[in-house]
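Asks: Got a structure for you, questions after.
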Amino acid sequence: MAIDDESEDNDIDQIQKKKLINLQRRLVDEQKRVQAESEIKTRKRLLLGKILTQDARERLERLRIVKSEFVEQLESQLIDAAQGGAVKLPVNDEQLKALLTRLESNKRGITIRRM
């Protein structure tokens with residue numbers, strides 16, 4: 001019986017060690033992911049600082065409160081356009097408002113028809 005107990009204890013220890021190693025790996029992976037996201041946000045913020053004037057950045061931050069996904073997409077489009085030379089830098093508040101107006105007018109409205 002004592003040998004069986006030792007064998008079970010060893011099995012339990014092995015299982016606990018595997019779980020601990022797995023948990024540590026997941027923690028390291030999560031830390032790497034968070035660090036990568038942080039680096040991306042920092043680079044994006046620096047690029048937008050070069051692309052947009054202070055007023056335009058403030059407008060985007062206010063808009064982010066209401067439409068965060070839309071602002072994320074717009075920021076990516078602005079970065080792409082700036083890197084491709086498609087916009088004159090820096091983009092001021094008036095240019096940003098015109099762009100926002102164009103993007104809003106391109107959206108489809110939802111219509112409900114009764115049958």
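In the structure tokens, chains take the letters A, B, ... in the order shown, each chain's residues start at 1, and ligands count up from 1 in the order shown.
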May I have the residues within 12 Å of segment 46-58 of chain A as JSON, numbers by chain, using only C-alpha atoms and disregarding those fewer than 4 positions away in the same chain?
Replies: {"A": [39, 40, 41, 42, 62, 63, 64, 65, 71, 72, 74, 75, 76, 77, 78, 79, 80, 81, 82, 83, 85, 86, 87, 88, 89, 90, 91, 92, 93, 94, 95, 96, 97, 98, 99, 100]}
Asks: Could you tell me how far atom CA of Phe70 of chain A sits from atom CA of Arg45 of chain A, in Å to one decimal place?
Replies: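 Between atom CA of Arg45 of chain A and atom CA of Phe70 of chain A the gap works out to 16.2 Å.
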Asks: Between A:Leu103, A:Arg114, A:Lys32, A:Gln16, which residue has the minimum interatomic distance to Gln73 of chain A, considering only C-alpha atoms?
Replies: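 Smallest distance to Gln73 of chain A is found for A:Leu103.
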Asks: Could you tell me how far atom CA of Glu104 of chain A sits from atom CA of Val66 of chain A, in Å to one decimal place?
Replies: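 About the pair atom CA of Val66 of chain A and atom CA of Glu104 of chain A: they are 14.1 Å apart.
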